[in-house]
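K.L.:
Sending over model-v1.cif (mmCIF, C-alpha atoms, pLDDT in the B column; chains and numbers go by the auth columns).
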```cif
data_run
loop_
_atom_site.group_PDB
_atom_site.id
_atom_site.type_symbol
_atom_site.label_atom_id
_atom_site.label_comp_id
_atom_site.label_asym_id
_atom_site.label_seq_id
_atom_site.Cartn_x
_atom_site.Cartn_y
_atom_site.Cartn_z
_atom_site.B_iso_or_equiv
_atom_site.auth_seq_id
_atom_site.auth_asym_id
ATOM 1 C CA MET A 1 119.047 124.849 119.308 53.00 264 A
ATOM 2 C CA GLU A 2 119.190 121.582 121.230 61.00 265 A
ATOM 3 C CA PRO A 3 119.339 118.453 119.019 64.00 266 A
ATOM 4 C CA ALA A 4 116.101 117.124 120.534 59.00 267 A
ATOM 5 C CA ALA A 5 114.242 120.204 119.248 74.00 268 A
ATOM 6 C CA LEU A 6 115.234 119.744 115.600 88.00 269 A
ATOM 7 C CA ASP A 7 112.576 119.093 112.970 93.00 270 A
ATOM 8 C CA LEU A 8 114.286 116.431 110.867 97.00 271 A
ATOM 9 C CA SER A 9 111.305 115.744 108.594 95.00 272 A
ATOM 10 C CA ALA A 10 112.723 117.732 105.658 96.00 273 A
ATOM 11 C CA LEU A 11 115.896 115.648 105.572 98.00 274 A
ATOM 12 C CA PRO A 12 116.126 112.555 103.379 98.00 275 A
ATOM 13 C CA LEU A 13 115.514 109.238 105.096 98.00 276 A
ATOM 14 C CA THR A 14 118.694 107.312 104.340 98.00 277 A
ATOM 15 C CA HIS A 15 118.288 104.134 106.393 98.00 278 A
ATOM 16 C CA ARG A 16 115.821 102.240 108.580 98.00 279 A
ATOM 17 C CA ALA A 17 116.381 99.208 110.776 98.00 280 A
ATOM 18 C CA VAL A 18 115.077 97.243 113.717 98.00 281 A
ATOM 19 C CA VAL A 19 117.702 96.580 116.398 98.00 282 A
ATOM 20 C CA PRO A 20 118.316 92.810 116.654 98.00 283 A
ATOM 21 C CA VAL A 21 119.452 90.899 119.737 97.00 284 A
ATOM 22 C CA ALA A 22 122.893 90.476 118.152 97.00 285 A
ATOM 23 C CA TYR A 23 123.515 94.241 118.554 97.00 286 A
ATOM 24 C CA LEU A 24 123.306 94.117 122.373 95.00 287 A
ATOM 25 C CA ASP A 25 126.206 94.707 124.726 93.00 288 A
ATOM 26 C CA ASN A 26 126.616 93.767 128.392 93.00 289 A
ATOM 27 C CA MET A 27 124.564 96.803 129.471 92.00 290 A
ATOM 28 C CA GLY A 28 121.470 95.548 127.648 92.00 291 A
ATOM 29 C CA HIS A 29 121.473 98.212 124.965 93.00 292 A
ATOM 30 C CA MET A 30 122.961 98.605 121.484 96.00 293 A
ATOM 31 C CA ASN A 31 126.750 98.314 121.447 96.00 294 A
ATOM 32 C CA VAL A 32 128.609 101.357 120.111 95.00 295 A
ATOM 33 C CA MET A 33 130.034 99.445 117.147 96.00 296 A
ATOM 34 C CA TRP A 34 126.520 99.067 115.726 98.00 297 A
ATOM 35 C CA TYR A 35 125.967 102.823 115.689 98.00 298 A
ATOM 36 C CA THR A 36 128.932 103.031 113.322 97.00 299 A
ATOM 37 C CA HIS A 37 127.431 100.264 111.187 98.00 300 A
ATOM 38 C CA LEU A 38 123.985 101.879 111.028 98.00 301 A
ATOM 39 C CA PHE A 39 125.429 105.318 110.270 98.00 302 A
ATOM 40 C CA SER A 40 127.502 103.694 107.520 98.00 303 A
ATOM 41 C CA CYS A 41 124.247 102.360 106.057 98.00 304 A
ATOM 42 C CA GLY A 42 122.927 105.933 106.235 98.00 305 A
ATOM 43 C CA THR A 43 125.976 107.119 104.320 98.00 306 A
ATOM 44 C CA ALA A 44 125.270 104.552 101.588 98.00 307 A
ATOM 45 C CA GLY A 45 121.684 105.804 101.416 98.00 308 A
ATOM 46 C CA LEU A 46 122.807 109.433 101.168 98.00 309 A
ATOM 47 C CA TYR A 47 125.446 108.555 98.598 98.00 310 A
ATOM 48 C CA GLY A 48 122.799 106.900 96.453 98.00 311 A
ATOM 49 C CA LEU A 49 120.935 110.221 96.329 98.00 312 A
ATOM 50 C CA ILE A 50 123.964 111.990 94.855 98.00 313 A
ATOM 51 C CA GLY A 51 125.017 109.276 92.412 98.00 314 A
ATOM 52 C CA LEU A 52 127.671 107.531 94.499 98.00 315 A
ATOM 53 C CA THR A 53 126.267 104.073 93.908 97.00 316 A
ATOM 54 C CA PRO A 54 128.014 100.689 93.792 97.00 317 A
ATOM 55 C CA ALA A 55 127.756 100.898 89.988 97.00 318 A
ATOM 56 C CA TYR A 56 129.447 104.326 89.980 97.00 319 A
ATOM 57 C CA PHE A 57 132.254 103.052 92.220 97.00 320 A
ATOM 58 C CA ALA A 58 132.814 99.930 90.074 97.00 321 A
ATOM 59 C CA THR A 59 132.646 101.725 86.724 97.00 322 A
ATOM 60 C CA ASN A 60 134.894 104.599 87.779 97.00 323 A
ATOM 61 C CA ARG A 61 137.303 102.617 89.986 98.00 324 A
ATOM 62 C CA ALA A 62 136.487 105.151 92.659 98.00 325 A
ATOM 63 C CA GLY A 63 135.422 105.073 96.264 96.00 326 A
ATOM 64 C CA SER A 64 134.981 107.116 99.392 97.00 327 A
ATOM 65 C CA PHE A 65 136.997 106.925 102.588 97.00 328 A
ATOM 66 C CA ALA A 66 135.870 108.310 105.930 97.00 329 A
ATOM 67 C CA LEU A 67 138.500 110.682 107.315 98.00 330 A
ATOM 68 C CA GLU A 68 136.965 111.811 110.579 97.00 331 A
ATOM 69 C CA GLN A 69 133.832 111.130 112.644 97.00 332 A
ATOM 70 C CA HIS A 70 132.230 112.525 115.753 97.00 333 A
ATOM 71 C CA LEU A 71 129.399 110.544 117.383 97.00 334 A
ATOM 72 C CA ARG A 72 127.032 111.766 120.074 97.00 335 A
ATOM 73 C CA TYR A 73 124.960 109.282 122.047 97.00 336 A
ATOM 74 C CA LEU A 74 121.827 111.033 123.301 96.00 337 A
ATOM 75 C CA HIS A 75 119.275 108.313 124.159 96.00 338 A
ATOM 76 C CA GLU A 76 119.608 104.625 124.811 96.00 339 A
ATOM 77 C CA VAL A 77 118.772 102.279 121.911 97.00 340 A
ATOM 78 C CA ARG A 78 117.373 98.850 122.853 96.00 341 A
ATOM 79 C CA VAL A 79 116.522 95.549 121.162 95.00 342 A
ATOM 80 C CA GLY A 80 113.416 95.604 119.000 97.00 343 A
ATOM 81 C CA GLN A 81 113.365 99.363 118.544 97.00 344 A
ATOM 82 C CA ARG A 82 112.948 100.663 115.020 98.00 345 A
ATOM 83 C CA ILE A 83 115.414 103.403 114.146 98.00 346 A
ATOM 84 C CA THR A 84 115.448 105.893 111.303 98.00 347 A
ATOM 85 C CA ILE A 85 118.479 107.724 109.981 98.00 348 A
ATOM 86 C CA ARG A 86 118.125 111.053 108.205 98.00 349 A
ATOM 87 C CA SER A 87 121.104 112.830 106.687 98.00 350 A
ATOM 88 C CA ARG A 88 122.199 116.403 106.020 98.00 351 A
ATOM 89 C CA ILE A 89 125.042 117.652 103.842 98.00 352 A
ATOM 90 C CA VAL A 90 126.907 120.466 105.572 97.00 353 A
ATOM 91 C CA GLY A 91 129.583 121.277 102.995 97.00 354 A
ATOM 92 C CA ARG A 92 132.037 120.055 100.422 98.00 355 A
ATOM 93 C CA SER A 93 135.385 120.905 98.912 98.00 356 A
ATOM 94 C CA ALA A 94 136.947 119.712 95.661 98.00 357 A
ATOM 95 C CA LYS A 95 137.576 116.255 97.188 98.00 358 A
ATOM 96 C CA ARG A 96 135.682 116.060 100.483 98.00 359 A
ATOM 97 C CA ILE A 97 132.155 116.026 101.847 98.00 360 A
ATOM 98 C CA HIS A 98 130.998 117.055 105.327 98.00 361 A
ATOM 99 C CA LEU A 99 127.734 115.530 106.523 98.00 362 A
ATOM 100 C CA ILE A 100 125.766 114.714 109.627 98.00 363 A
ATOM 101 C CA HIS A 101 123.392 111.823 110.286 98.00 364 A
ATOM 102 C CA PHE A 102 120.559 111.843 112.814 98.00 365 A
ATOM 103 C CA MET A 103 119.326 108.561 114.335 98.00 366 A
ATOM 104 C CA THR A 104 115.832 108.701 115.805 98.00 367 A
ATOM 105 C CA LEU A 105 113.758 106.141 117.670 98.00 368 A
ATOM 106 C CA ASP A 106 110.582 105.638 115.673 97.00 369 A
ATOM 107 C CA ASP A 107 108.304 104.822 118.620 95.00 370 A
ATOM 108 C CA THR A 108 109.163 107.998 120.571 94.00 371 A
ATOM 109 C CA ASN A 109 110.667 110.215 117.849 93.00 372 A
ATOM 110 C CA LEU A 110 113.578 110.896 120.224 96.00 373 A
ATOM 111 C CA LEU A 111 116.942 111.756 118.742 97.00 374 A
ATOM 112 C CA ALA A 112 119.113 108.823 119.836 97.00 375 A
ATOM 113 C CA ALA A 113 122.441 109.767 118.265 98.00 376 A
ATOM 114 C CA THR A 114 124.220 111.887 115.685 98.00 377 A
ATOM 115 C CA CYS A 115 127.251 111.119 113.546 98.00 378 A
ATOM 116 C CA GLU A 116 129.170 113.939 111.916 98.00 379 A
ATOM 117 C CA THR A 117 131.541 112.769 109.187 98.00 380 A
ATOM 118 C CA VAL A 118 134.113 114.115 106.771 98.00 381 A
ATOM 119 C CA ALA A 119 134.854 111.758 103.879 98.00 382 A
ATOM 120 C CA THR A 120 136.869 112.022 100.706 98.00 383 A
ATOM 121 C CA HIS A 121 136.414 110.833 97.134 98.00 384 A
ATOM 122 C CA VAL A 122 139.145 108.314 96.218 98.00 385 A
ATOM 123 C CA ASP A 123 140.723 107.142 92.986 98.00 386 A
ATOM 124 C CA LEU A 124 141.087 103.437 93.755 97.00 387 A
ATOM 125 C CA THR A 125 143.697 102.873 91.034 97.00 388 A
ATOM 126 C CA ILE A 126 146.181 104.899 93.112 97.00 389 A
ATOM 127 C CA ARG A 127 144.274 104.842 96.447 97.00 390 A
ATOM 128 C CA ARG A 128 144.514 108.609 96.855 98.00 391 A
ATOM 129 C CA SER A 129 141.982 111.384 97.259 98.00 392 A
ATOM 130 C CA SER A 130 140.655 112.731 93.990 98.00 393 A
ATOM 131 C CA PRO A 131 138.253 115.494 92.949 98.00 394 A
ATOM 132 C CA TRP A 132 134.521 114.884 92.742 98.00 395 A
ATOM 133 C CA PRO A 133 133.364 114.471 89.135 97.00 396 A
ATOM 134 C CA GLU A 134 131.269 117.451 87.983 98.00 397 A
ATOM 135 C CA THR A 135 127.991 115.514 88.021 97.00 398 A
ATOM 136 C CA ILE A 136 128.550 114.290 91.591 98.00 399 A
ATOM 137 C CA ALA A 137 129.725 117.726 92.781 98.00 400 A
ATOM 138 C CA ALA A 138 126.593 119.307 91.268 98.00 401 A
ATOM 139 C CA ALA A 139 124.355 116.733 92.980 98.00 402 A
ATOM 140 C CA ILE A 140 126.081 117.379 96.325 98.00 403 A
ATOM 141 C CA ASP A 141 125.660 121.127 95.839 98.00 404 A
ATOM 142 C CA ARG A 142 121.941 120.806 95.024 98.00 405 A
ATOM 143 C CA LEU A 143 121.221 118.720 98.108 98.00 406 A
ATOM 144 C CA GLN A 144 123.397 120.928 100.305 98.00 407 A
ATOM 145 C CA ALA A 145 121.511 124.010 99.056 98.00 408 A
ATOM 146 C CA ASP A 146 118.221 122.357 100.063 97.00 409 A
ATOM 147 C CA HIS A 147 119.645 121.581 103.512 97.00 410 A
ATOM 148 C CA ALA A 148 121.043 125.110 103.910 97.00 411 A
ATOM 149 C CA ARG A 149 117.473 126.448 103.669 96.00 412 A
ATOM 150 C CA LEU A 150 116.452 124.626 106.845 96.00 413 A
ATOM 151 C CA PRO A 151 115.582 127.043 109.671 95.00 414 A
ATOM 152 C CA TRP A 152 118.098 125.449 112.065 95.00 415 A
ATOM 153 C CA ALA A 153 121.846 125.064 112.107 95.00 416 A
ATOM 154 C CA ALA A 154 123.262 121.553 112.157 95.00 417 A
ATOM 155 C CA PRO A 155 124.581 120.641 115.645 96.00 418 A
ATOM 156 C CA LEU A 156 128.219 120.276 114.635 97.00 419 A
ATOM 157 C CA CYS A 157 131.211 119.510 116.854 95.00 420 A
ATOM 158 C CA GLY A 158 133.005 122.589 115.528 93.00 421 A
ATOM 159 C CA VAL A 159 136.342 121.044 114.569 93.00 422 A
ATOM 160 C CA MET A 160 135.599 119.342 111.230 92.00 423 A
ATOM 161 C CA LYS A 161 135.207 120.778 107.765 92.00 424 A
ATOM 162 C CA ALA A 162 135.322 119.548 104.207 94.00 425 A
#
```
Starting from the file, lay out its structure as structure tokens.
P.N.:
Amino acid sequence: MEPAALDLSALPLTHRAVVPVAYLDNMGHMNVMWYTHLFSCGTAGLYGLIGLTPAYFATNRAGSFALEQHLRYLHEVRVGQRITIRSRIVGRSAKRIHLIHFMTLDDTNLLAATCETVATHVDLTIRRSSPWPETIAAAIDRLQADHARLPWAAPLCGVMKA
């Protein structure tokens, strides 16, 4: 299924923004670095849904590091446009999570970009990957099970996995 044909409405809304003038590049559209920023905001929104909050990170001296990302730019994003990011969990392992974000343009509902990511849970006392705590792993699994029931496969790059 082509990304433009996906019904994203069942996915959690993890970030919304209006593109400011400061995000422009010399071509008159949003610079690529801001896609990374906005998708990072989407990750924070998704993490909040599974208990990976700033309070969790501070209390547990834990964090999450991105290990790999694949971005697809599908439609131009311009100043003043409102964007929405929705997120889907694709899989997890003992220490990693595999997810994909979808950025849509609110005025046209066009899929503007996707960002597929593999990230790892980190013990910040030793700055090494560490297993997900049971409560976080269970929350990831519940949300992933909901996403697995969608009638369409996530448009993945095919080389990443948790």
K.L.:
For A:Arg345, list every protein, DNA or RNA residue within 8 Å, evaluated using all atoms listed in the file, and leave out those in the same chain fewer than 4 positions away; present the list as a list in words.
P.N.:
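In the requested form, the answer reads Arg279, Ala280, Val281, Val282, Leu368, Asp369 and Asp370 of chain A.
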K.L.:
Select all residues near (127.5, 105.4, 113.0) (cut-off 12 Å, inclusive, file coordinates), counting all atoms listed in the file, and output them as an MDAnalysis selection string.
P.N.:
chainID A and resid 278 293:307 329 331:336 348:350 363:366 375:380
K.L.:
If you measure from atom CA of A:Ala402 to atom CA of A:Leu312, what distance in Å do you get, rounded to one decimal?
P.N.:
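Going from atom CA of A:Ala402 over to atom CA of A:Leu312 covers 8.1 Å.
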K.L.:
In Å, how far is it from atom CA of A:Gln344 to atom CA of A:Met290?
P.N.:
15.9 Å
K.L.:
Considering all atoms listed in the file, can you say which of A:Leu374, A:Ile360, A:Val340, A:Ala325 comes closest to A:Ala425?
P.N.:
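Checking each candidate against A:Ala425, we get A:Ile360 as the closest.
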K.L.:
Kindly indicate which residue among A:Leu309, A:Lys358, A:Pro283, A:Pro418 lies nearest to A:Arg391, using all atoms listed in the file for the distances.
P.N.:
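The shortest atom-to-atom distance to A:Arg391 comes from A:Lys358.
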K.L.:
Applying the PyMOL selection byres ((chain A and resi 424) around 9) to the file I just gave you, which residues come out? Please list them as a short mmCIF file (atom, residue, chain, number, x, y, z; two decimals) with C-alpha atoms, in the frame of the given file.
P.N.:
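File written: result_39.cif
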```
data_model
loop_
_atom_site.label_atom_id
_atom_site.label_comp_id
_atom_site.auth_asym_id
_atom_site.auth_seq_id
_atom_site.Cartn_x
_atom_site.Cartn_y
_atom_site.Cartn_z
CA VAL A 353 126.91 120.47 105.57
CA GLY A 354 129.58 121.28 103.00
CA ARG A 355 132.04 120.06 100.42
CA SER A 356 135.38 120.90 98.91
CA ARG A 359 135.68 116.06 100.48
CA ILE A 360 132.16 116.03 101.85
CA HIS A 361 131.00 117.06 105.33
CA THR A 380 131.54 112.77 109.19
CA VAL A 381 134.11 114.12 106.77
CA GLY A 421 133.00 122.59 115.53
CA VAL A 422 136.34 121.04 114.57
CA MET A 423 135.60 119.34 111.23
CA ALA A 425 135.32 119.55 104.21
#
```
K.L.:
Expanded to explicit residues, what is the PyMOL selection byres ((chain A and resi 385) around 9) for this file, as a ChimeraX atom specification?
P.N.:
/A:324-328,358,383-384,386-395
K.L.:
Mind giving me the straight-line distance from atom CA of A:Pro414 to atom CA of A:Asp270 in Å, one decimal?
P.N.:
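Distance between the two atoms: 9.1 Å.
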K.L.:
For A:Arg405, which residue out of A:Arg351, A:Cys420, A:Ala321, A:Asn289 is the nearest one, using only C-alpha atoms?
P.N.:
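Residue with the minimum atom-to-atom distance to A:Arg405: A:Arg351.
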K.L.:
Can you give me, as an mmCIF file with C-alpha atoms, in the coordinates of the input, the residues this file yields under the PyMOL selection byres ((chain A and resi 313) around 12)?
P.N.:
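Contents of part-v7.cif, as written:
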```cif
data_model
loop_
_atom_site.group_PDB
_atom_site.id
_atom_site.type_symbol
_atom_site.label_atom_id
_atom_site.label_comp_id
_atom_site.auth_asym_id
_atom_site.auth_seq_id
_atom_site.Cartn_x
_atom_site.Cartn_y
_atom_site.Cartn_z
ATOM 1 C CA PRO A 275 116.126 112.555 103.379
ATOM 2 C CA THR A 277 118.694 107.312 104.340
ATOM 3 C CA THR A 306 125.976 107.119 104.320
ATOM 4 C CA ALA A 307 125.270 104.552 101.588
ATOM 5 C CA GLY A 308 121.684 105.804 101.416
ATOM 6 C CA LEU A 309 122.807 109.433 101.168
ATOM 7 C CA TYR A 310 125.446 108.555 98.598
ATOM 8 C CA GLY A 311 122.799 106.900 96.453
ATOM 9 C CA LEU A 312 120.935 110.221 96.329
ATOM 10 C CA GLY A 314 125.017 109.276 92.412
ATOM 11 C CA LEU A 315 127.671 107.531 94.499
ATOM 12 C CA THR A 316 126.267 104.073 93.908
ATOM 13 C CA TYR A 319 129.447 104.326 89.980
ATOM 14 C CA ILE A 352 125.042 117.652 103.842
ATOM 15 C CA ILE A 360 132.155 116.026 101.847
ATOM 16 C CA TRP A 395 134.521 114.884 92.742
ATOM 17 C CA PRO A 396 133.364 114.471 89.135
ATOM 18 C CA GLU A 397 131.269 117.451 87.983
ATOM 19 C CA THR A 398 127.991 115.514 88.021
ATOM 20 C CA ILE A 399 128.550 114.290 91.591
ATOM 21 C CA ALA A 400 129.725 117.726 92.781
ATOM 22 C CA ALA A 401 126.593 119.307 91.268
ATOM 23 C CA ALA A 402 124.355 116.733 92.980
ATOM 24 C CA ILE A 403 126.081 117.379 96.325
ATOM 25 C CA ASP A 404 125.660 121.127 95.839
ATOM 26 C CA ARG A 405 121.941 120.806 95.024
ATOM 27 C CA LEU A 406 121.221 118.720 98.108
ATOM 28 C CA GLN A 407 123.397 120.928 100.305
#
```
K.L.:
Can you work out which one of A:Leu373, A:Leu413, A:Leu274, A:Val284 has the shortest atom-to-atom distance to A:Glu339, counting all atoms listed in the file?
P.N.:
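Counting all atoms listed in the file, the residue closest to A:Glu339 is A:Leu373.
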K.L.:
Have stretch 308-320 of chain A completed to N, CA and C atoms, please, and pass it along as an mmCIF file, keeping the file's coordinate frame.
P.N.:
```
data_model
loop_
_atom_site.group_PDB
_atom_site.id
_atom_site.type_symbol
_atom_site.label_atom_id
_atom_site.label_comp_id
_atom_site.auth_asym_id
_atom_site.auth_seq_id
_atom_site.Cartn_x
_atom_site.Cartn_y
_atom_site.Cartn_z
ATOM 1 N N GLY A 308 122.958 105.257 101.880
ATOM 2 C CA GLY A 308 121.684 105.804 101.416
ATOM 3 C C GLY A 308 121.823 107.222 100.896
ATOM 4 N N LEU A 309 122.572 108.049 101.608
ATOM 5 C CA LEU A 309 122.807 109.433 101.168
ATOM 6 C C LEU A 309 123.604 109.443 99.874
ATOM 7 N N TYR A 310 124.630 108.618 99.809
ATOM 8 C CA TYR A 310 125.446 108.555 98.598
ATOM 9 C C TYR A 310 124.612 108.168 97.377
ATOM 10 N N GLY A 311 123.671 107.266 97.564
ATOM 11 C CA GLY A 311 122.799 106.900 96.453
ATOM 12 C C GLY A 311 122.027 108.087 95.899
ATOM 13 N N LEU A 312 121.676 109.025 96.755
ATOM 14 C CA LEU A 312 120.935 110.221 96.329
ATOM 15 C C LEU A 312 121.769 111.170 95.484
ATOM 16 N N ILE A 313 123.092 111.081 95.609
ATOM 17 C CA ILE A 313 123.964 111.990 94.855
ATOM 18 C C ILE A 313 124.751 111.266 93.757
ATOM 19 N N GLY A 314 124.405 110.012 93.510
ATOM 20 C CA GLY A 314 125.017 109.276 92.412
ATOM 21 C C GLY A 314 126.217 108.427 92.783
ATOM 22 N N LEU A 315 126.553 108.372 94.060
ATOM 23 C CA LEU A 315 127.671 107.531 94.499
ATOM 24 C C LEU A 315 127.148 106.145 94.833
ATOM 25 N N THR A 316 126.857 105.405 93.795
ATOM 26 C CA THR A 316 126.267 104.073 93.908
ATOM 27 C C THR A 316 127.344 102.998 93.728
ATOM 28 N N PRO A 317 127.046 101.759 94.076
ATOM 29 C CA PRO A 317 128.014 100.689 93.792
ATOM 30 C C PRO A 317 128.402 100.634 92.312
ATOM 31 N N ALA A 318 127.446 100.896 91.425
ATOM 32 C CA ALA A 318 127.756 100.898 89.988
ATOM 33 C C ALA A 318 128.732 102.027 89.637
ATOM 34 N N TYR A 319 128.518 103.210 90.214
ATOM 35 C CA TYR A 319 129.447 104.326 89.980
ATOM 36 C C TYR A 319 130.850 103.942 90.449
ATOM 37 N N PHE A 320 130.953 103.404 91.671
ATOM 38 C CA PHE A 320 132.254 103.052 92.220
ATOM 39 C C PHE A 320 132.954 102.010 91.346
#
```
